[in-house]
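Visitor: Encoded as structure tokens, here's the structure I'll be asking about.
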Amino acid sequence: MTTTPPPPPPPSQAPRSGPPSEGPGHGHGPGPGHAHGHGHTHSHGPAAPVSQHLRKVIAAVLIPFATAVVVGLFVLWPGGTPSHERTGVGFDRQTQSATVAKVQELPCKDLNPSQPQPNGDTSTPEGQTAQSRAEGTCKKALIEVTSGDDKGRTFTEIIQPDSPRQLHKGQEVVVAYEPKAPEGLQYSVTDVNRKFPMALLAGIFALAVVVVGRLRGVMALVALTISFLVLTFFILPAILQGSNPLVVAVVGASAIMLVALYLCHGLTARTSVAVLGTLISLLLIGLLGSLFIGWAALTGNTDDNTGLIHGLYPSIDMSGLLLAGVIIGSLGVLDDVTVTQTSAVWELHQANPTMGRRGLYRAGIRIGRDHIASVVNTLVLAYAGAALPLLLLFSIAQSSVGTVANSELVAEEIVRTLIGSIGLVASVPVTTALAALVVSADRTTPGTGGPATVTGTPAPRSSRGGKGRRRKA
């Protein structure tokens with residue numbers, strides 16, 4: 001009696017009860033795909049390497065790029081931050097550590113004998129301040145210097161009742177030193193020493209990354225450290241030495257990108273595609289930034305800090321510095337988008353190896369649209385949050401939206417946000433298309449017509465599918 005066997009199930013529904021039906025990614029069964037147990041391509045593990053031909057094509061693009069980055073680092077390496085004579089203004093002050101040794105509360109009128117008497121009008125901020133300092137209680141703090149040549153020296157600091165920073169005994173503070181001032185006025189409290197809580201928070205962050213990310217988390221922290229070192233010892237000193245900020249930013253960002261991506265995600269074709277997508281997007285951001293920063297006549301010199309930098313180092317191109325900030329600021333989010341899109345296309349291909357480049361692109365771009373919406377919103381809100389005090393000032397002044405947007409302070413942030421967002425949006429289709437081209441071009445091994453495995457040999461056909469066809473014949 002002849003029975004008609006059931007039709008073979010689709011590859012994605014094949015049972016996993018034994019080696020013959022484990023799919024093309026395993027290669028445990030007999031035949032050319034056995035390879036002594038090697039060649040795993042689980043969907044939850046690393047992607048299968050591409051063929052030797054495609055690896056050569058990717059290397060032909062990335063090796064010259066990486067070589068150019070290394071040459072750029074060598075040529076532009078500053079050798080240290082250039083020295084200058086301190087101005088004693090803003091951040092350009094000599095500072096030391098100190099501790100609040102003693103605090104006394106006294107009537108403000110006893111500590112401020114030269115303070116003008118209030119006239120009773122508290123309708124203005126000036127009147128409220130005068131009234132508070134005449135009738136309130138002030139603090140007289142004894143500060144002891146704990147570092148530097150004057151370690152052990154003490155001085156007095158008067159804290160007004162309306163001061164935003166109120167000191168207490170035992171508190172660690174940062175003091176500024178001005179050697180040209182009279183001896184009693186050489187030191188003054190400028191800030192609170194918050195190194196311990198910040199170090200503790202950084203430790204909690206590192207622990208969370210390692211516990212959740214395990215080895216990947218460790219590598220991410222190493223990449224973060226290297227990125228910080230490149231920023232501190234190359235990008236910033238090179239700009240201060242007078243090198244073109246745009247060139248320095250491109251070389252430094254490229255070095256950070258190569259180290260971070262390959263260190264965190266491995267030296268694979270998947271990572272290489274993400275690197276290419278990031279590189280193309282960075283070039284687009286650089287072109288748009290050069291065009292619109294010049295067109296909008298943005299100088300990059302918009303506050304006290306940039307003014308101080310320009311005063312100390314007049315040779316620095318401040319608009320170029322603004323563009324360099326746009327490129328470096330966009331890099332971190334770009335890495336996230338390109339890696340995610342590449343991984344999505346790779347996983348789609350592994351789930352359905354028969355899907356062509358168009359199908360992979362359409363499926364990947366659907367994932368990318370959700371990513372675009374969330375990332376752009378994140379970027380805009382991040383810049384808006386950083387500029388919130390500035391926006392509040394314009395709101396208090398009751399300025400119109402057009403007036404606010406036309407101000408260079410706000411226009412700078414708008415241009416920065418929009419250029420970075422355009423680069424992020426463009427990175428999704430660019431990276432998705434590159435990944436789809438790579439995995440679809442590597443779908444078959446030349447001369448076999450079958451799916452390629454890790455070892456480069458044709459994978460065995462599903463035993464169930466093969467038997468079904470023979471019975472039908």
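Starting from 1 in every chain, residues are counted up; chains themselves are A, B, ... following the order of the structure tokens, and ligands are numbered from 1 as listed.
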Could you give me, as a PyMOL selection string, each residue of segment 91-254 of chain A that DSSP assigns to strand (DSSP E) when run on this structure's backbone?

Guide: chain A and resi 94-107+137-145+154-159+172-177+187-192

Visitor: Using 7 Å as the limit and counting only C-alpha atoms, can you tabulate each residue of segment 356-429 of chain A that touches segment 264-282 of chain A, with its shortest atom-to-atom distance in Å and the two atoms involved, as CSV?

Guide:
residue,atom,partner,partner_atom,distance
A:Gly423,CA,A:Ser281,CA,5.3
A:Ala426,CA,A:Ser281,CA,6.6
A:Ser427,CA,A:Ser281,CA,5.5

Visitor: Applying 12 Å and only C-alpha atoms, which residues near Val333 of chain A remain after dropping the ones on its own chain fewer than 2 positions away? List them as a ChimeraX atom specification.

Guide: /A:257,278,281-282,326-331,335-340,371-372,374-379,382,420-421,423-425,427-428

Visitor: Mind writing the picked residues with C-alpha atoms as a short mmCIF file (atom, residue, chain, number, x, y, z; two decimals), in the first residue's frame?

Guide:
data_model
loop_
_atom_site.label_atom_id
_atom_site.label_comp_id
_atom_site.auth_asym_id
_atom_site.auth_seq_id
_atom_site.Cartn_x
_atom_site.Cartn_y
_atom_site.Cartn_z
CA MET A 257 34.80 54.85 14.88
CA THR A 278 28.98 55.44 9.24
CA SER A 281 27.00 59.48 6.72
CA LEU A 282 29.88 61.41 8.35
CA VAL A 326 28.72 68.67 14.86
CA ILE A 327 30.71 65.76 13.40
CA ILE A 328 31.93 64.41 16.74
CA GLY A 329 28.51 64.86 18.36
CA SER A 330 26.80 62.90 15.59
CA LEU A 331 29.26 60.00 15.63
CA ASP A 335 27.34 54.09 15.35
CA ASP A 336 24.18 52.92 17.05
CA VAL A 337 22.04 53.29 13.91
CA THR A 338 24.47 51.68 11.47
CA VAL A 339 25.27 48.69 13.70
CA THR A 340 21.57 48.08 14.38
CA HIS A 371 14.72 53.70 14.46
CA ILE A 372 14.70 57.01 12.60
CA SER A 374 13.12 57.50 17.91
CA VAL A 375 16.70 58.61 17.20
CA VAL A 376 15.79 61.96 15.64
CA ASN A 377 13.46 62.74 18.53
CA THR A 378 16.22 61.81 20.96
CA LEU A 379 18.75 64.06 19.23
CA ALA A 382 19.08 66.32 23.77
CA GLY A 420 23.08 65.72 12.55
CA SER A 421 19.52 64.50 12.04
CA GLY A 423 23.00 62.41 8.59
CA LEU A 424 21.20 59.99 10.89
CA VAL A 425 18.22 59.69 8.54
CA SER A 427 22.50 56.46 7.41
CA VAL A 428 19.49 54.13 7.56
#

Visitor: With a distance cut-off of 9 Å and only C-alpha atoms, select the neighbouring residues of segment 186-199 of chain A, excluding the residue or stretch itself and same-chain residues fewer than 4 positions from it, and output the selection as a ChimeraX atom specification.

Guide: /A:95,97-98,143,145,155-157,165,167,171-182,203-204

Visitor: Considering only C-alpha atoms, can you say which of A:Lys140, A:Thr306, A:Asn244, A:Gly252 comes closest to Ala66 of chain A?

Guide: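 Residue with the minimum atom-to-atom distance to Ala66 of chain A: A:Gly252.
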
Visitor: Residues near Met355 of chain A, anyone? I mean within 9 Å using only C-alpha atoms, not counting same-chain ones fewer than 6 positions away, as a list in words.

Guide: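 Neighbouring residues, sequence-local ones excluded: Leu348, His349 and Ser440 of chain A.
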
Visitor: Give me the residues near Phe234 of chain A as a VMD selection string, where near means some atom within 12 Å (using only C-alpha atoms) and where sequence neighbours in that chain fewer than 3 positions away do not count.

Guide: chain A and resid 72 to 81 226 to 231 237 to 241 243 245 247 to 253 255 to 256

Visitor: Excluding Pro429 of chain A and residues on its chain fewer than 6 positions from it, collect all residues at most 10 Å away from it, counting only C-alpha atoms, and give them as a VMD selection string.

Guide: chain A and resid 277 338 341 361 to 362 364 to 365 368 to 369 435

Visitor: Output C-alpha atoms for every residue in the selection just made, as a tab-separated table (two decimals), in the first residue's frame.

Guide:
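Once everything was written out, this is out_29.tsv:
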chain	number	residue	atom	x	y	z
A	277	GLY	CA	27.67	53.26	6.41
A	338	THR	CA	24.47	51.68	11.47
A	341	GLN	CA	20.61	48.26	10.71
A	361	TYR	CA	16.25	46.10	1.84
A	362	ARG	CA	12.48	46.50	2.20
A	364	GLY	CA	15.42	46.30	6.83
A	365	ILE	CA	14.11	49.75	5.95
A	368	GLY	CA	14.93	51.52	10.15
A	369	ARG	CA	11.88	53.78	9.97
A	435	ALA	CA	24.21	45.29	4.07

Visitor: With distances taken over only C-alpha atoms, which of A:Glu408, A:Arg214, A:Thr403, A:Pro314 is nearest to Thr302 of chain A?

Guide: A:Glu408
